[in-house]
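Structure data follow from input-v9.cif (mmCIF, C-alpha atoms; chains and numbers go by the auth columns):
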data_work
loop_
_atom_site.group_PDB
_atom_site.id
_atom_site.type_symbol
_atom_site.label_atom_id
_atom_site.label_comp_id
_atom_site.label_asym_id
_atom_site.label_seq_id
_atom_site.Cartn_x
_atom_site.Cartn_y
_atom_site.Cartn_z
_atom_site.B_iso_or_equiv
_atom_site.auth_seq_id
_atom_site.auth_asym_id
ATOM 1 C CA MET A 1 21.333 112.512 132.452 0.00 1 A
ATOM 2 C CA ASN A 2 24.865 113.784 132.242 0.00 2 A
ATOM 3 C CA LYS A 3 27.929 113.697 134.471 0.00 3 A
ATOM 4 C CA LYS A 4 27.321 117.176 135.892 0.00 4 A
ATOM 5 C CA GLU A 5 23.824 116.175 137.024 0.00 5 A
ATOM 6 C CA ARG A 6 25.135 112.886 138.425 0.00 6 A
ATOM 7 C CA HIS A 7 27.824 114.722 140.415 0.00 7 A
ATOM 8 C CA GLN A 8 25.189 117.034 141.878 0.00 8 A
ATOM 9 C CA ILE A 9 23.066 114.052 142.915 0.00 9 A
ATOM 10 C CA ILE A 10 26.160 112.466 144.521 0.00 10 A
ATOM 11 C CA ARG A 11 26.765 115.693 146.477 0.00 11 A
ATOM 12 C CA ASP A 12 23.171 115.666 147.681 0.00 12 A
ATOM 13 C CA LEU A 13 23.268 111.968 148.583 0.00 13 A
ATOM 14 C CA VAL A 14 26.551 112.198 150.510 0.00 14 A
ATOM 15 C CA GLU A 15 25.323 115.188 152.488 0.00 15 A
ATOM 16 C CA ALA A 16 21.908 113.669 153.219 0.00 16 A
ATOM 17 C CA ARG A 17 22.767 110.005 153.830 0.00 17 A
ATOM 18 C CA ASN A 18 25.365 107.866 155.522 0.00 18 A
ATOM 19 C CA ILE A 19 26.901 106.282 152.390 0.00 19 A
ATOM 20 C CA GLU A 20 29.557 103.766 153.460 0.00 20 A
ATOM 21 C CA THR A 21 30.533 101.940 150.255 0.00 21 A
ATOM 22 C CA GLN A 22 30.731 102.405 146.515 0.00 22 A
ATOM 23 C CA GLU A 23 27.999 99.781 146.166 0.00 23 A
ATOM 24 C CA GLU A 24 25.675 101.822 148.411 0.00 24 A
ATOM 25 C CA LEU A 25 26.402 104.930 146.362 0.00 25 A
ATOM 26 C CA ALA A 26 25.727 103.039 143.122 0.00 26 A
ATOM 27 C CA ARG A 27 22.378 101.767 144.508 0.00 27 A
ATOM 28 C CA ALA A 28 21.425 105.278 145.649 0.00 28 A
ATOM 29 C CA LEU A 29 22.276 106.638 142.196 0.00 29 A
ATOM 30 C CA GLN A 30 20.202 103.904 140.553 0.00 30 A
ATOM 31 C CA GLU A 31 17.273 104.824 142.825 0.00 31 A
ATOM 32 C CA SER A 32 17.737 108.399 141.575 0.00 32 A
ATOM 33 C CA GLY A 33 17.511 107.291 137.946 0.00 33 A
ATOM 34 C CA PHE A 34 21.213 106.906 137.057 0.00 34 A
ATOM 35 C CA ASN A 35 22.279 103.539 135.652 0.00 35 A
ATOM 36 C CA VAL A 36 25.960 103.466 136.711 0.00 36 A
ATOM 37 C CA THR A 37 28.739 100.906 136.951 0.00 37 A
ATOM 38 C CA GLN A 38 31.147 100.499 139.859 0.00 38 A
ATOM 39 C CA ALA A 39 33.921 101.960 137.656 0.00 39 A
ATOM 40 C CA THR A 40 31.847 105.104 137.044 0.00 40 A
ATOM 41 C CA VAL A 41 31.147 105.477 140.764 0.00 41 A
ATOM 42 C CA SER A 42 34.844 105.018 141.528 0.00 42 A
ATOM 43 C CA ARG A 43 35.795 107.751 139.018 0.00 43 A
ATOM 44 C CA ASP A 44 33.111 110.059 140.404 0.00 44 A
ATOM 45 C CA ILE A 45 34.436 109.567 143.952 0.00 45 A
ATOM 46 C CA LYS A 46 37.932 110.472 142.797 0.00 46 A
ATOM 47 C CA GLU A 47 36.803 113.458 140.703 0.00 47 A
ATOM 48 C CA LEU A 48 34.671 114.832 143.547 0.00 48 A
ATOM 49 C CA MET A 49 37.558 114.163 145.978 0.00 49 A
ATOM 50 C CA LEU A 50 35.286 112.328 148.400 0.00 50 A
ATOM 51 C CA VAL A 51 37.037 110.953 151.455 0.00 51 A
ATOM 52 C CA LYS A 52 36.080 108.323 153.996 0.00 52 A
ATOM 53 C CA VAL A 53 35.545 109.702 157.478 0.00 53 A
ATOM 54 C CA SER A 54 34.642 108.069 160.757 0.00 54 A
ATOM 55 C CA ASP A 55 31.005 108.168 161.667 0.00 55 A
ATOM 56 C CA MET A 56 29.595 108.162 165.176 0.00 56 A
ATOM 57 C CA ARG A 57 28.838 104.421 165.062 0.00 57 A
ATOM 58 C CA GLY A 58 32.481 103.449 164.578 0.00 58 A
ATOM 59 C CA GLY A 59 32.116 102.897 160.823 0.00 59 A
ATOM 60 C CA TYR A 60 33.127 105.001 157.843 0.00 60 A
ATOM 61 C CA ARG A 61 31.168 107.092 155.385 0.00 61 A
ATOM 62 C CA TYR A 62 31.895 109.236 152.352 0.00 62 A
ATOM 63 C CA ALA A 63 32.201 112.969 152.863 0.00 63 A
ATOM 64 C CA PHE A 64 33.581 116.031 151.166 0.00 64 A
ATOM 65 C CA PRO A 65 36.835 117.439 152.529 0.00 65 A
ATOM 66 C CA LYS A 66 36.149 120.419 154.771 0.00 66 A
ATOM 67 C CA GLU A 67 38.145 122.675 152.477 0.00 67 A
ATOM 68 C CA ARG A 68 38.550 121.272 148.966 0.00 68 A
ATOM 69 C CA SER A 69 41.087 123.892 147.939 0.00 69 A
ATOM 70 C CA HIS A 70 43.341 122.919 150.858 0.00 70 A
ATOM 71 C CA MET A 71 46.260 120.813 149.699 0.00 71 A
ATOM 72 C CA MET A 72 47.891 118.586 152.267 0.00 72 A
ATOM 73 C CA SER A 73 51.546 119.241 153.076 0.00 73 A
ATOM 74 C CA SER A 74 54.039 116.500 152.261 0.00 74 A
ATOM 75 C CA GLU A 75 54.319 115.812 156.006 0.00 75 A
ATOM 76 C CA GLN A 76 50.547 115.321 156.263 0.00 76 A
ATOM 77 C CA LEU A 77 50.567 113.062 153.214 0.00 77 A
ATOM 78 C CA GLU A 78 53.405 110.955 154.618 0.00 78 A
ATOM 79 C CA ARG A 79 51.702 110.746 158.027 0.00 79 A
ATOM 80 C CA LEU A 80 48.513 109.508 156.337 0.00 80 A
ATOM 81 C CA ILE A 81 50.474 106.862 154.465 0.00 81 A
ATOM 82 C CA ARG A 82 52.450 105.761 157.546 0.00 82 A
ATOM 83 C CA SER A 83 49.345 105.467 159.698 0.00 83 A
ATOM 84 C CA SER A 84 47.243 103.617 157.106 0.00 84 A
ATOM 85 C CA VAL A 85 49.432 101.236 155.082 0.00 85 A
ATOM 86 C CA ILE A 86 49.861 97.818 156.687 0.00 86 A
ATOM 87 C CA SER A 87 51.624 95.894 153.898 0.00 87 A
ATOM 88 C CA ILE A 88 53.081 96.335 150.436 0.00 88 A
ATOM 89 C CA ARG A 89 54.087 93.969 147.626 0.00 89 A
ATOM 90 C CA ALA A 90 55.634 94.656 144.254 0.00 90 A
ATOM 91 C CA GLY A 91 55.844 92.687 141.040 0.00 91 A
ATOM 92 C CA GLY A 92 57.061 94.067 137.736 0.00 92 A
ATOM 93 C CA ASN A 93 55.606 97.523 137.354 0.00 93 A
ATOM 94 C CA LEU A 94 52.705 97.000 139.771 0.00 94 A
ATOM 95 C CA VAL A 95 52.768 97.750 143.486 0.00 95 A
ATOM 96 C CA VAL A 96 49.939 96.629 145.761 0.00 96 A
ATOM 97 C CA LEU A 97 49.388 98.320 149.107 0.00 97 A
ATOM 98 C CA HIS A 98 47.040 97.003 151.777 0.00 98 A
ATOM 99 C CA THR A 99 45.649 99.577 154.195 0.00 99 A
ATOM 100 C CA LEU A 100 43.421 99.755 157.205 0.00 100 A
ATOM 101 C CA PRO A 101 39.752 99.361 156.183 0.00 101 A
ATOM 102 C CA GLY A 102 38.285 102.512 154.655 0.00 102 A
ATOM 103 C CA THR A 103 41.607 104.313 154.154 0.00 103 A
ATOM 104 C CA ALA A 104 42.765 103.124 150.721 0.00 104 A
ATOM 105 C CA GLN A 105 41.213 106.000 148.771 0.00 105 A
ATOM 106 C CA GLY A 106 42.795 108.596 151.052 0.00 106 A
ATOM 107 C CA VAL A 107 46.194 106.937 150.708 0.00 107 A
ATOM 108 C CA ALA A 108 45.775 106.708 146.920 0.00 108 A
ATOM 109 C CA TYR A 109 44.944 110.420 146.890 0.00 109 A
ATOM 110 C CA ALA A 110 48.104 111.054 148.930 0.00 110 A
ATOM 111 C CA ILE A 111 50.214 109.014 146.516 0.00 111 A
ATOM 112 C CA ASP A 112 48.712 110.838 143.532 0.00 112 A
ATOM 113 C CA SER A 113 49.247 114.208 145.250 0.00 113 A
ATOM 114 C CA MET A 114 52.916 113.485 145.908 0.00 114 A
ATOM 115 C CA LYS A 115 53.515 113.341 142.142 0.00 115 A
ATOM 116 C CA TRP A 116 56.095 110.536 142.353 0.00 116 A
ATOM 117 C CA LEU A 117 58.139 110.353 139.180 0.00 117 A
ATOM 118 C CA GLY A 118 57.116 107.272 137.219 0.00 118 A
ATOM 119 C CA VAL A 119 53.844 106.649 139.054 0.00 119 A
ATOM 120 C CA MET A 120 51.215 106.489 136.333 0.00 120 A
ATOM 121 C CA GLY A 121 48.229 106.275 138.656 0.00 121 A
ATOM 122 C CA THR A 122 46.410 104.488 141.431 0.00 122 A
ATOM 123 C CA VAL A 123 43.241 102.438 141.735 0.00 123 A
ATOM 124 C CA ALA A 124 41.826 102.155 145.237 0.00 124 A
ATOM 125 C CA GLY A 125 39.176 100.019 146.823 0.00 125 A
ATOM 126 C CA ASP A 126 38.308 99.971 150.511 0.00 126 A
ATOM 127 C CA ASP A 127 41.591 98.540 151.815 0.00 127 A
ATOM 128 C CA THR A 128 43.697 97.810 148.722 0.00 128 A
ATOM 129 C CA ILE A 129 45.526 100.078 146.276 0.00 129 A
ATOM 130 C CA PHE A 130 47.050 99.121 142.937 0.00 130 A
ATOM 131 C CA VAL A 131 49.802 101.509 141.855 0.00 131 A
ATOM 132 C CA ALA A 132 50.781 101.402 138.172 0.00 132 A
ATOM 133 C CA ILE A 133 54.419 102.342 137.644 0.00 133 A
ATOM 134 C CA GLU A 134 56.098 103.052 134.303 0.00 134 A
ATOM 135 C CA GLN A 135 59.090 100.720 134.755 0.00 135 A
ATOM 136 C CA PRO A 136 60.028 97.898 137.143 0.00 136 A
ATOM 137 C CA GLU A 137 63.148 99.832 138.238 0.00 137 A
ATOM 138 C CA ILE A 138 60.969 102.755 139.344 0.00 138 A
ATOM 139 C CA ALA A 139 58.657 100.291 141.118 0.00 139 A
ATOM 140 C CA LYS A 140 61.671 99.120 143.155 0.00 140 A
ATOM 141 C CA ASP A 141 62.392 102.724 144.206 0.00 141 A
ATOM 142 C CA PHE A 142 58.734 103.306 145.062 0.00 142 A
ATOM 143 C CA PHE A 143 58.713 100.081 147.079 0.00 143 A
ATOM 144 C CA ALA A 144 61.920 101.164 148.873 0.00 144 A
ATOM 145 C CA TYR A 145 60.110 104.281 150.138 0.00 145 A
ATOM 146 C CA PHE A 146 58.113 101.921 152.326 0.00 146 A
ATOM 147 C CA HIS A 147 61.298 100.470 153.845 0.00 147 A
ATOM 148 C CA TRP A 148 59.449 99.456 157.002 0.00 148 A
ATOM 149 C CA HIS A 149 57.768 96.679 155.016 0.00 149 A
ATOM 150 C CA ASP A 150 58.853 93.298 156.333 0.00 150 A
ATOM 151 C CA LYS A 151 60.163 91.366 153.325 0.00 151 A
ATOM 152 C CA ASP A 152 59.566 88.031 155.048 0.00 152 A
ATOM 153 C CA GLU A 153 56.008 87.154 153.979 0.00 153 A
ATOM 154 C CA ASN A 154 55.496 84.885 156.967 0.00 154 A
ATOM 155 C CA LYS A 155 56.360 87.679 159.387 0.00 155 A
ATOM 156 C CA GLU A 156 54.065 90.044 157.475 0.00 156 A
ATOM 157 C CA THR A 157 51.187 87.568 157.639 0.00 157 A
ATOM 158 C CA ASN A 158 51.777 87.015 161.355 0.00 158 A
ATOM 159 C CA ALA A 159 52.012 90.766 161.974 0.00 159 A
ATOM 160 C CA VAL A 160 48.679 91.362 160.255 0.00 160 A
ATOM 161 C CA LYS A 161 47.080 88.579 162.330 0.00 161 A
ATOM 162 C CA ASN A 162 48.618 89.805 165.583 0.00 162 A
ATOM 163 C CA GLU A 163 47.742 93.452 166.142 0.00 163 A
ATOM 164 C CA ASN A 164 50.365 93.761 168.875 0.00 164 A
ATOM 165 C CA VAL A 165 53.228 93.236 166.406 0.00 165 A
ATOM 166 C CA LYS A 166 54.498 96.416 164.769 0.00 166 A
ATOM 167 C CA THR A 167 55.458 96.119 161.102 0.00 167 A
ATOM 168 C CA ARG A 168 56.986 99.554 160.645 0.00 168 A
ATOM 169 C CA PRO A 169 59.144 102.035 162.540 0.00 169 A
ATOM 170 C CA GLU A 170 57.859 105.397 163.738 0.00 170 A
ATOM 171 C CA LYS A 171 59.742 107.387 161.079 0.00 171 A
ATOM 172 C CA VAL A 172 59.757 106.860 157.331 0.00 172 A
ATOM 173 C CA LYS A 173 62.678 108.355 155.390 0.00 173 A
ATOM 174 C CA ARG A 174 62.397 109.350 151.788 0.00 174 A
#
Please, can you express the file's structure as structure tokens?
Amino acid sequence: MNKKERHQIIRDLVEARNIETQEELARALQESGFNVTQATVSRDIKELMLVKVSDMRGGYRYAFPKERSHMMSSEQLERLIRSSVISIRAGGNLVVLHTLPGTAQGVAYAIDSMKWLGVMGTVAGDDTIFVAIEQPEIAKDFFAYFHWHDKDENKETNAVKNENVKTRPEKVKR
């Protein structure tokens, strides 16, 4: 079975079931006769532009964007990033962002859509994004975009533990 057939099965599964994780999607594909790896499922999710949306039970599930041809404005992309990213760390040419659960893939899509110079690509899980950057100097500029990040690791850790502590201002400047 080829990729086109697998993508059609994914469309059918996402529309018919409440698929919450990549592992659930991989199991559903295996039940449908596709032997897939997590990496393949991750690529398929990105290629099909699946997003995580809230379900009625308070969880998240995969869905197709209402209008796939609709591109988000830069303001919408920045708002998504500001409302989802809770911490960021950089080392060399790698930047790691931690997000609210279920929002990493949407934020990675936003980062990819913004076409930042020097950003080679993103890899997103459920709440973590790895951003590969061409050069450490560019990584510093990318990191600076998220200027609300508290550089004191202890404060960041405490802020994540205490939901009442804000770790970023209302407005992010580019």
Exercise. Considering all atoms listed in the file, state which residue in the set A:Leu13, A:Val119, A:Leu77, A:Val131 is at the smallest distance from A:Glu31.
Key: A:Leu13
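The two atoms in question, atom CA of A:Glu24 and atom CA of A:Thr40, are spaced 13.3 Å apart.
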Practice problem: Compare A:Ala110, A:Ala28, A:Ala63, A:Met120 by their minimum atom-to-atom distance to A:Glu15, counting all atoms listed in the file, and give me the closest one. | Solution: A:Ala63
Quiz item: Could you list as a ChimeraX atom specification every residue that has an atom within 10 Å of (42.5, 105.9, 140.1), using the file's coordinates and counting only C-alpha atoms?
Solution: /A:39,42-43,45-47,105,108-109,112,120-125,129-132
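Of the residues listed (A:Phe146, A:Met1, A:Arg17, A:Val41), A:Phe146 shows the shortest atom-to-atom separation from A:Ile86; distances use all atoms listed in the file.
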Practice problem: Evaluate the PyMOL selection byres ((chain A and resi 137) around 12) and record the selected residues as a ChimeraX atom specification, following the chain and residue labels used in the document. | Solution: /A:90-95,117-119,133-136,138-144
Practice problem: Excluding A:Ile10 and residues on its chain fewer than 2 positions from it, collect all residues at most 9 Å away from it, counting all atoms listed in the file, and give them as a PyMOL selection string. | Solution: chain A and resi 5-8+12-15+25+28-29+44-45+48
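With distances taken over only C-alpha atoms, A:Tyr145 is the one residue among A:Tyr145, A:Val53, A:Leu100, A:Thr37 lying closest to A:Trp116.
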Exercise. Please measure the separation of atom CA of A:Glu20 and atom CA of A:Phe34, giving the value in Å to one decimal.
Key: 18.7 Å
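Atom CA of A:Gln76 sits 17.8 Å away from atom CA of A:Gly102.
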Practice problem: Give as a ChimeraX atom specification each residue that has an atom at most 7 Å from (50.4, 99.1, 153.6) in the file, counting only C-alpha atoms. | Solution: /A:84-88,97-99
